[in-house]
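Trainee: Handing over protein_16.pdb, PDB, C-alpha atoms.
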```pdb
ATOM      1  CA  MET I   1      -2.196 -12.461  -0.591
ATOM      2  CA  ILE I   2      -1.296  -9.074   0.879
ATOM      3  CA  SER I   3       0.491 -10.993   3.640
ATOM      4  CA  LYS I   4       2.514 -12.956   1.090
ATOM      5  CA  HIS I   5       3.318  -9.842  -0.944
ATOM      6  CA  SER I   6       4.454  -7.994   2.195
ATOM      7  CA  HIS I   7       6.699 -10.918   3.140
ATOM      8  CA  GLU I   8       8.307 -10.965  -0.303
ATOM      9  CA  GLN I   9       8.958  -7.211  -0.241
ATOM     10  CA  SER I  10      10.471  -7.190   3.273
ATOM     11  CA  ASP I  11      14.181  -7.690   3.848
ATOM     12  CA  ARG I  12      17.115  -6.304   5.836
ATOM     13  CA  GLY I  13      15.023  -4.131   8.105
ATOM     14  CA  GLU I  14      12.798  -2.652   5.420
ATOM     15  CA  GLY I  15       9.287  -3.672   4.524
ATOM     16  CA  VAL I  16       6.093  -4.230   6.495
ATOM     17  CA  GLU I  17       5.789  -4.886  10.226
ATOM     18  CA  VAL I  18       2.306  -6.003  11.321
ATOM     19  CA  VAL I  19       1.398  -4.391  14.646
ATOM     20  CA  GLN I  20      -2.274  -5.384  14.870
ATOM     21  CA  ASN I  21      -4.642  -7.715  12.991
ATOM     22  CA  GLU I  22      -7.926  -8.409  14.725
ATOM     23  CA  PRO I  23     -11.732  -8.404  14.281
ATOM     24  CA  TYR I  24     -13.420  -5.009  14.381
ATOM     25  CA  GLU I  25     -17.077  -3.978  14.395
ATOM     26  CA  ASP I  26     -18.267  -0.735  12.844
ATOM     27  CA  PRO I  27     -21.761   0.666  13.535
ATOM     28  CA  ASN I  28     -22.243   1.501   9.845
ATOM     29  CA  HIS I  29     -20.359  -1.220   8.003
ATOM     30  CA  GLY I  30     -20.757  -4.159  10.400
ATOM     31  CA  ASN I  31     -18.146  -6.801  11.193
ATOM     32  CA  GLY I  32     -14.723  -6.517   9.634
ATOM     33  CA  GLN I  33     -10.989  -6.736  10.237
ATOM     34  CA  LEU I  34      -8.639  -4.004  11.501
ATOM     35  CA  THR I  35      -4.982  -4.192  10.517
ATOM     36  CA  GLU I  36      -2.231  -1.793  11.593
ATOM     37  CA  LYS I  37       1.203  -1.906   9.976
ATOM     38  CA  ARG I  38       4.463  -0.003  10.009
ATOM     39  CA  VAL I  39       6.070   0.337   6.598
ATOM     40  CA  TYR I  40       9.842   0.935   6.696
ATOM     41  CA  LEU I  41      10.905   2.273   3.303
ATOM     42  CA  ASN I  42      13.762   4.734   3.570
ATOM     43  CA  SER I  43      15.883   3.193   0.792
ATOM     44  CA  LYS I  44      12.890   3.143  -1.568
ATOM     45  CA  LEU I  45      12.493   6.928  -1.387
ATOM     46  CA  PRO I  46      13.982   9.143  -4.105
ATOM     47  CA  SER I  47      17.164  10.954  -3.139
ATOM     48  CA  TRP I  48      15.434  14.316  -2.700
ATOM     49  CA  ALA I  49      13.111  12.751  -0.112
ATOM     50  CA  ARG I  50      15.833  10.830   1.743
ATOM     51  CA  ALA I  51      17.667  14.101   2.271
ATOM     52  CA  VAL I  52      14.992  15.420   4.639
ATOM     53  CA  VAL I  53      13.823  12.353   6.556
ATOM     54  CA  PRO I  54      15.529  10.531   9.420
ATOM     55  CA  LYS I  55      17.466   7.352   8.636
ATOM     56  CA  ILE I  56      15.072   5.331  10.802
ATOM     57  CA  PHE I  57      11.607   6.261   9.677
ATOM     58  CA  TYR I  58       8.357   4.491   8.957
ATOM     59  CA  VAL I  59       4.851   5.142   7.715
ATOM     60  CA  THR I  60       1.906   3.920   9.777
ATOM     61  CA  GLU I  61      -0.850   2.211   7.826
ATOM     62  CA  LYS I  62      -4.274   1.294   9.191
ATOM     63  CA  ALA I  63      -6.832  -0.656   7.186
ATOM     64  CA  TRP I  64     -10.460  -1.439   7.998
ATOM     65  CA  ASN I  65     -11.820  -4.247   5.817
ATOM     66  CA  TYR I  66     -15.609  -4.522   5.656
ATOM     67  CA  TYR I  67     -15.744  -6.316   2.322
ATOM     68  CA  PRO I  68     -16.999  -5.203  -0.164
ATOM     69  CA  TYR I  69     -15.925  -1.859   1.356
ATOM     70  CA  THR I  70     -12.482  -1.136   2.768
ATOM     71  CA  ILE I  71     -10.596   1.914   4.044
ATOM     72  CA  THR I  72      -6.822   2.293   4.162
ATOM     73  CA  GLY I  73      -4.983   5.260   5.670
ATOM     74  CA  LYS I  74      -1.276   6.092   5.915
ATOM     75  CA  GLU I  75       0.458   8.879   7.773
ATOM     76  CA  CYS I  76       3.953   9.757   8.896
ATOM     77  CA  SER I  77       5.015   8.022  12.063
ATOM     78  CA  ARG I  78       5.537  10.237  15.094
ATOM     79  CA  ASN I  79       9.267   9.516  14.759
ATOM     80  CA  TYR I  80       9.169  11.856  11.773
ATOM     81  CA  CYS I  81       6.349  14.321  12.223
ATOM     82  CA  CYS I  82       6.077  15.346  15.832
ATOM     83  CA  PHE I  83       9.283  17.213  16.496
ATOM     84  CA  CYS I  84       9.192  20.330  14.314
ATOM     85  CA  SER I  85       6.077  22.098  13.163
ATOM     86  CA  PHE I  86       7.603  23.024   9.776
ATOM     87  CA  LEU I  87       7.700  19.391   8.686
ATOM     88  CA  PRO I  88       4.937  18.564   6.195
ATOM     89  CA  LYS I  89       1.692  16.850   7.026
ATOM     90  CA  PHE I  90       1.639  13.755   4.857
ATOM     91  CA  SER I  91      -1.265  11.351   4.434
ATOM     92  CA  ILE I  92      -2.671   8.807   2.010
ATOM     93  CA  HIS I  93      -6.308   7.768   2.225
ATOM     94  CA  ILE I  94      -7.696   4.938   0.094
ATOM     95  CA  GLU I  95     -11.328   3.866  -0.008
ATOM     96  CA  THR I  96     -12.186   0.679  -1.891
ATOM     97  CA  LYS I  97     -15.482  -0.659  -3.197
ATOM     98  CA  TYR I  98     -15.934  -3.890  -5.137
ATOM     99  CA  GLU I  99     -18.630  -4.483  -7.728
ATOM    100  CA  ASP I 100     -19.397  -7.304 -10.134
ATOM    101  CA  ASN I 101     -18.852  -5.347 -13.344
ATOM    102  CA  LYS I 102     -16.126  -4.328 -15.793
ATOM    103  CA  GLY I 103     -15.411  -0.902 -14.303
ATOM    104  CA  SER I 104     -18.491   0.733 -15.797
ATOM    105  CA  ASN I 105     -19.780   2.534 -12.670
ATOM    106  CA  ASP I 106     -18.563   6.117 -13.117
ATOM    107  CA  SER I 107     -20.498   7.416 -10.110
ATOM    108  CA  ILE I 108     -19.470   4.891  -7.455
ATOM    109  CA  PHE I 109     -17.631   7.531  -5.371
ATOM    110  CA  ASP I 110     -19.830  10.538  -6.114
ATOM    111  CA  LYS I 111     -20.969  10.721  -2.485
ATOM    112  CA  GLU I 112     -17.467  10.489  -0.986
ATOM    113  CA  ALA I 113     -15.703  12.748  -3.501
ATOM    114  CA  LYS I 114     -18.332  15.102  -4.865
ATOM    115  CA  ASP I 115     -16.250  18.185  -3.994
ATOM    116  CA  LEU I 116     -12.851  16.756  -4.963
ATOM    117  CA  GLU I 117     -10.978  17.237  -8.208
ATOM    118  CA  ARG I 118     -10.573  13.739  -9.595
ATOM    119  CA  GLU I 119      -8.553  11.980 -12.251
ATOM    120  CA  VAL I 120      -9.860   8.567 -13.327
ATOM    121  CA  CYS I 121      -7.187   5.965 -14.036
ATOM    122  CA  PHE I 122      -8.015   2.501 -15.374
ATOM    123  CA  ILE I 123      -5.685  -0.307 -14.323
ATOM    124  CA  ASP I 124      -5.598  -3.408 -16.532
ATOM    125  CA  ILE I 125      -3.796  -6.262 -14.737
ATOM    126  CA  ALA I 126      -3.066  -8.038 -18.025
ATOM    127  CA  SER I 127      -2.040  -5.236 -20.375
ATOM    128  CA  ASP I 128      -0.477  -2.462 -18.279
ATOM    129  CA  GLU I 129       3.287  -2.504 -17.968
ATOM    130  CA  ILE I 130       4.927  -2.888 -14.567
ATOM    131  CA  PRO I 131       8.448  -1.865 -13.508
ATOM    132  CA  GLU I 132      10.866  -4.415 -14.968
ATOM    133  CA  ARG I 133      12.370  -5.307 -11.595
ATOM    134  CA  TYR I 134       8.986  -6.654 -10.437
ATOM    135  CA  TYR I 135       8.171  -8.705 -13.514
ATOM    136  CA  LYS I 136       7.816 -12.494 -13.204
ATOM    137  CA  GLU I 137       6.456 -14.586 -16.050
ATOM    138  CA  SER I 138       4.709 -16.867 -13.521
ATOM    139  CA  GLU I 139       2.736 -13.817 -12.327
ATOM    140  CA  ASP I 140       1.891 -12.496 -15.782
ATOM    141  CA  PRO I 141      -1.899 -12.834 -16.321
ATOM    142  CA  LYS I 142      -1.314 -13.100 -20.076
ATOM    143  CA  TYR I 143       0.409 -16.469 -19.535
ATOM    144  CA  PHE I 144      -0.982 -17.735 -16.222
ATOM    145  CA  LYS I 145      -3.644 -20.472 -16.305
ATOM    146  CA  SER I 146      -5.357 -21.489 -13.052
ATOM    147  CA  GLN I 147      -5.450 -25.246 -12.488
ATOM    148  CA  LYS I 148      -8.276 -25.056  -9.943
ATOM    149  CA  THR I 149     -10.579 -22.525 -11.587
ATOM    150  CA  GLY I 150      -9.671 -22.684 -15.266
ATOM    151  CA  ARG I 151      -9.315 -18.886 -15.338
ATOM    152  CA  GLY I 152      -6.698 -17.266 -17.549
ATOM    153  CA  GLN I 153      -4.920 -16.645 -19.785
ATOM    154  CA  LEU I 154      -5.959 -12.990 -20.065
ATOM    155  CA  LYS I 155      -5.479 -11.967 -23.678
ATOM    156  CA  GLU I 156      -6.300  -8.602 -25.282
ATOM    157  CA  GLY I 157      -9.977  -7.791 -24.805
ATOM    158  CA  TRP I 158     -10.319 -10.160 -21.824
ATOM    159  CA  ARG I 159     -12.563  -7.759 -19.900
ATOM    160  CA  GLU I 160     -15.271  -8.135 -22.539
ATOM    161  CA  THR I 161     -15.243 -11.944 -22.604
ATOM    162  CA  HIS I 162     -14.211 -13.345 -19.194
ATOM    163  CA  GLN I 163     -16.698 -14.396 -16.513
ATOM    164  CA  PRO I 164     -16.896 -14.065 -13.582
ATOM    165  CA  ILE I 165     -15.444 -10.548 -13.445
ATOM    166  CA  MET I 166     -15.140  -8.013 -10.624
ATOM    167  CA  CYS I 167     -13.832  -4.463 -10.472
ATOM    168  CA  SER I 168     -11.969  -2.994  -7.512
ATOM    169  CA  TYR I 169     -12.754   0.746  -7.395
ATOM    170  CA  LYS I 170     -10.294   2.822  -5.353
ATOM    171  CA  LEU I 171     -10.533   6.457  -4.338
ATOM    172  CA  VAL I 172      -6.959   7.566  -3.570
ATOM    173  CA  THR I 173      -6.368  10.887  -1.807
ATOM    174  CA  VAL I 174      -2.806  12.121  -1.204
ATOM    175  CA  LYS I 175      -1.944  15.200   0.864
ATOM    176  CA  PHE I 176       1.504  16.715   1.327
ATOM    177  CA  GLU I 177       0.960  20.230   2.538
ATOM    178  CA  VAL I 178       4.210  22.109   2.097
ATOM    179  CA  TRP I 179       4.842  24.939  -0.315
ATOM    180  CA  GLY I 180       7.274  24.177  -3.127
ATOM    181  CA  LEU I 181       7.121  20.367  -2.820
ATOM    182  CA  GLN I 182       3.413  19.605  -2.679
ATOM    183  CA  THR I 183       2.789  18.905  -6.365
ATOM    184  CA  ARG I 184       6.012  16.945  -6.860
ATOM    185  CA  VAL I 185       5.475  14.715  -3.839
ATOM    186  CA  GLU I 186       1.766  14.108  -4.451
ATOM    187  CA  GLN I 187       2.381  13.146  -8.097
ATOM    188  CA  PHE I 188       5.196  10.798  -7.051
ATOM    189  CA  VAL I 189       3.039   9.115  -4.417
ATOM    190  CA  HIS I 190       0.136   8.644  -6.829
ATOM    191  CA  LYS I 191       2.491   6.895  -9.272
ATOM    192  CA  VAL I 192       3.859   4.636  -6.531
ATOM    193  CA  VAL I 193       0.348   3.757  -5.328
ATOM    194  CA  ARG I 194      -0.702   2.921  -8.885
ATOM    195  CA  ASP I 195       2.295   0.596  -9.346
ATOM    196  CA  ILE I 196       1.569  -1.128  -6.018
ATOM    197  CA  LEU I 197      -2.082  -1.665  -6.935
ATOM    198  CA  LEU I 198      -1.178  -3.025 -10.366
ATOM    199  CA  ILE I 199       1.425  -5.447  -9.026
ATOM    200  CA  GLY I 200      -0.719  -6.543  -6.074
ATOM    201  CA  HIS I 201      -3.789  -7.307  -8.169
ATOM    202  CA  ARG I 202      -1.723  -9.176 -10.772
ATOM    203  CA  GLN I 203      -0.351 -11.336  -7.975
ATOM    204  CA  ALA I 204      -3.760 -11.911  -6.396
ATOM    205  CA  PHE I 205      -4.955 -13.318  -9.725
ATOM    206  CA  ALA I 206      -1.807 -15.344 -10.427
ATOM    207  CA  TRP I 207      -1.820 -16.816  -6.894
ATOM    208  CA  VAL I 208      -5.498 -17.830  -7.034
ATOM    209  CA  ASP I 209      -4.739 -21.560  -6.730
ATOM    210  CA  GLU I 210      -3.072 -20.896  -3.366
ATOM    211  CA  TRP I 211      -6.116 -19.229  -1.783
ATOM    212  CA  TYR I 212      -9.129 -20.468  -3.749
ATOM    213  CA  ASP I 213      -9.923 -23.381  -1.389
ATOM    214  CA  MET I 214      -9.245 -21.504   1.864
ATOM    215  CA  THR I 215     -11.873 -20.985   4.558
ATOM    216  CA  MET I 216     -11.775 -17.768   6.626
ATOM    217  CA  ASP I 217     -10.149 -19.753   9.443
ATOM    218  CA  ASP I 218      -7.471 -20.878   6.979
ATOM    219  CA  VAL I 219      -6.947 -17.274   5.902
ATOM    220  CA  ARG I 220      -6.483 -16.003   9.464
ATOM    221  CA  GLU I 221      -4.043 -18.805  10.301
ATOM    222  CA  TYR I 222      -2.064 -18.141   7.116
ATOM    223  CA  GLU I 223      -1.945 -14.407   7.910
ATOM    224  CA  LYS I 224      -0.796 -15.086  11.474
ATOM    225  CA  ASN I 225       2.078 -17.311  10.355
ATOM    226  CA  MET I 226       3.123 -15.009   7.535
ATOM    227  CA  HIS I 227       3.006 -11.900   9.745
ATOM    228  CA  GLU I 228       5.273 -13.579  12.302
ATOM    229  CA  LYS I 229       7.820 -14.502   9.628
ATOM    230  CA  THR I 230       7.707 -11.024   8.100
ATOM    231  CA  ASN I 231       8.083  -9.251  11.441
ATOM    232  CA  ILE I 232      11.238 -11.258  12.113
ATOM    233  CA  LYS I 233      12.721 -10.103   8.785
ATOM    234  CA  VAL I 234      11.871  -6.464   9.500
ATOM    235  CA  CYS I 235      12.069  -5.985  13.256
ATOM    236  CA  ASN I 236      15.434  -7.630  13.922
ATOM    237  CA  GLN I 237      16.964  -4.614  12.200
ATOM    238  CA  HIS I 238      14.982  -2.194  14.385
ATOM    239  CA  SER I 239      15.913  -3.369  17.864
ATOM    240  CA  SER I 240      16.423   0.158  19.185
ATOM    241  CA  THR I 241      13.982   1.391  21.773
ATOM    242  CA  VAL I 242      11.378   3.965  20.816
ATOM    243  CA  ASP I 243      13.282   6.619  22.796
ATOM    244  CA  GLU I 244      16.476   5.847  20.868
ATOM    245  CA  ILE I 245      14.687   6.065  17.538
ATOM    246  CA  GLU I 246      13.008   9.347  18.469
ATOM    247  CA  SER I 247      16.315  10.778  19.693
ATOM    248  CA  HIS I 248      17.967   9.833  16.410
ATOM    249  CA  ALA I 249      15.124  11.373  14.409
ATOM    250  CA  LYS I 250      15.169  14.587  16.437
ATOM    251  CA  ALA I 251      18.915  14.973  15.929
ATOM    252  CA  ARG I 252      18.502  14.478  12.180
ATOM    253  CA  VAL I 253      15.744  17.089  11.982
ATOM    254  CA  CYS I 254      17.713  19.594  14.055
ATOM    255  CA  GLN I 255      20.728  19.041  11.799
ATOM    256  CA  PHE I 256      18.540  19.728   8.775
ATOM    257  CA  LEU I 257      17.213  22.923  10.382
ATOM    258  CA  LYS I 258      20.740  24.081  11.080
ATOM    259  CA  ARG I 259      21.668  23.601   7.433
ATOM    260  CA  ILE I 260      18.708  25.739   6.432
ATOM    261  CA  ALA I 261      19.557  28.452   8.931
ATOM    262  CA  HIS I 262      23.292  28.352   8.142
ATOM    263  CA  PRO I 263      23.661  27.338   4.506
ATOM    264  CA  HIS I 264      27.412  27.955   4.474
ATOM    265  CA  THR I 265      28.253  25.625   7.378
TER     266      THR I 265
END
```
As structure tokens, please, write out the structure in this file.
Mentor:
Amino acid sequence: MISKHSHEQSDRGEGVEVVQNEPYEDPNHGNGQLTEKRVYLNSKLPSWARAVVPKIFYVTEKAWNYYPYTITGKECSRNYCCFCSFLPKFSIHIETKYEDNKGSNDSIFDKEAKDLEREVCFIDIASDEIPERYYKESEDPKYFKSQKTGRGQLKEGWRETHQPIMCSYKLVTVKFEVWGLQTRVEQFVHKVVRDILLIGHRQAFAWVDEWYDMTMDDVREYEKNMHEKTNIKVCNQHSSTVDEIESHAKARVCQFLKRIAHPHT
């Protein structure tokens, strides 16, 4: 369903390009799947962020899925970060654990985050509001009823009455290490991540009839086809060579530095 969501959100050179999607074995977590993506999102940034990043810029995302444990990491692509040391180090790290409960395990990440300052945020896929531009009645868990499973509609208090039920616990760490912008950027990113998680999990529930009968072979074939279609939508707009993109980015950064050094020019 992530593949379908990425395809829907990709258009005119922006969205998600899948670079790698293949089996991966970890000595601690066992067999899983490694996925690497490039997320092009310049137009989705607020104006104060667009002012300091190159026009052609992407975030690299790597995800290791060892269900019921997954790790997702994002960092600035080298097209943005490698040229000038003053540019901020930006990263997002998400660890996910799934348990068959209603979100009642308050200590699930105590080992991973024992020294971190944490804010706990509950996400309710049925009751929490989403940005209006993303709302579709067909994807609203309050109205959706699965034909194959009989699950839904999720009315008020659904977490206390519905079975089966599973909670996706996510430990989200955002770092943007630059004086003067750190708090603003980190708060903005946390809000964006929360919206993405809310929308994505609403869709996963509302699309259940599409994936409920799939085998793992079906899933991999679906992902392969969807990734190819999505890459066409995104990559046709990024036909420049890596050298051309890096040259463009370097020129943009140097121009920004000049404006800082010579504010009256």
Trainee: Just checking: using only C-alpha atoms, which residue out of I:Ile199, I:Cys167, I:Leu154, I:Ile94 ends up closest to Arg133 in chain I?
Mentor: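 The answer is I:Ile199, which sits nearest to Arg133 in chain I.
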Trainee: Exactly which residues make up the result of the PyMOL selection byres ((chain I and resi 120) around 10) on this file, given as a PDB file with C-alpha atoms, in the coordinates of the input?
Mentor:
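Written file, result-v7.pdb:
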```
ATOM      1  CA  ASP I 106     -18.563   6.117 -13.117  1.00  0.00           C
ATOM      2  CA  ARG I 118     -10.573  13.739  -9.595  1.00  0.00           C
ATOM      3  CA  GLU I 119      -8.553  11.980 -12.251  1.00  0.00           C
ATOM      4  CA  CYS I 121      -7.187   5.965 -14.036  1.00  0.00           C
ATOM      5  CA  PHE I 122      -8.015   2.501 -15.374  1.00  0.00           C
ATOM      6  CA  ILE I 123      -5.685  -0.307 -14.323  1.00  0.00           C
ATOM      7  CA  LYS I 170     -10.294   2.822  -5.353  1.00  0.00           C
ATOM      8  CA  LEU I 171     -10.533   6.457  -4.338  1.00  0.00           C
TER       9      LEU I 171
END
```
Trainee: CA of Val208 in chain I and CA of Gln147 in chain I, how far apart in Å?
Mentor: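 It comes out at 9.2 Å.
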Trainee: Expressed in Å to a single decimal, how great is the separation between CA of Thr183 in chain I and CA of Asp195 in chain I?
Mentor: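 Computing the Euclidean distance for CA of Thr183 in chain I and CA of Asp195 in chain I yields 18.6 Å.
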Trainee: Any chance you could resolve the PyMOL selection byres ((chain I and resi 125) around 9) against this file and give the residues as a list in words?
Mentor: Ile123, Asp124, Ala126, Ser127, Asp128, Glu129, Asp140, Pro141, Leu154, Leu198, Ile199, His201, Arg202 and Phe205 of chain I
Trainee: CA of Gly200 in chain I and CA of Glu22 in chain I, how far apart in Å?
Mentor: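 Rounded to one decimal, the two atoms are 22.1 Å apart.
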Trainee: Could you list as a list in words every residue that has an atom within 10 Å of (-17.7, -1.1, -15.6), using the file's coordinates and counting all atoms listed in the file?
Mentor: Glu99, Asp100, Asn101, Lys102, Gly103, Ser104, Asn105, Asp106, Arg159, Ile165, Met166, Cys167 and Tyr169 of chain I
Trainee: Would you kindly return, as a ChimeraX atom specification, each protein, DNA or RNA residue with an atom no farther than 7 Å from any atom of Ser3 in chain I, considering all atoms listed in the file and excluding same-chain residues fewer than 4 positions away?
Mentor: /I:7,223,226-227
Trainee: Dump as a VMD selection string all residues having an atom at most 6 Å from (-4.0, -3.3, 13.2), computed in the file's coordinates with all atoms listed in the file.
Mentor: chain I and resid 19 to 21 34 to 36
Trainee: Hey, what's within 10 Å of Asn31 in chain I if we count all atoms listed in the file and toss same-chain stuff fewer than 3 positions away? As a ChimeraX atom specification, please?
Mentor: /I:23-28,34,64-67
Trainee: Restricting the calculation to all atoms listed in the file: of I:Glu156, I:Cys235, I:Glu137, I:Thr230, which residue gets closest to Ser10 in chain I?
Mentor: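 Answer, going by the shortest atom-to-atom distance: I:Thr230.
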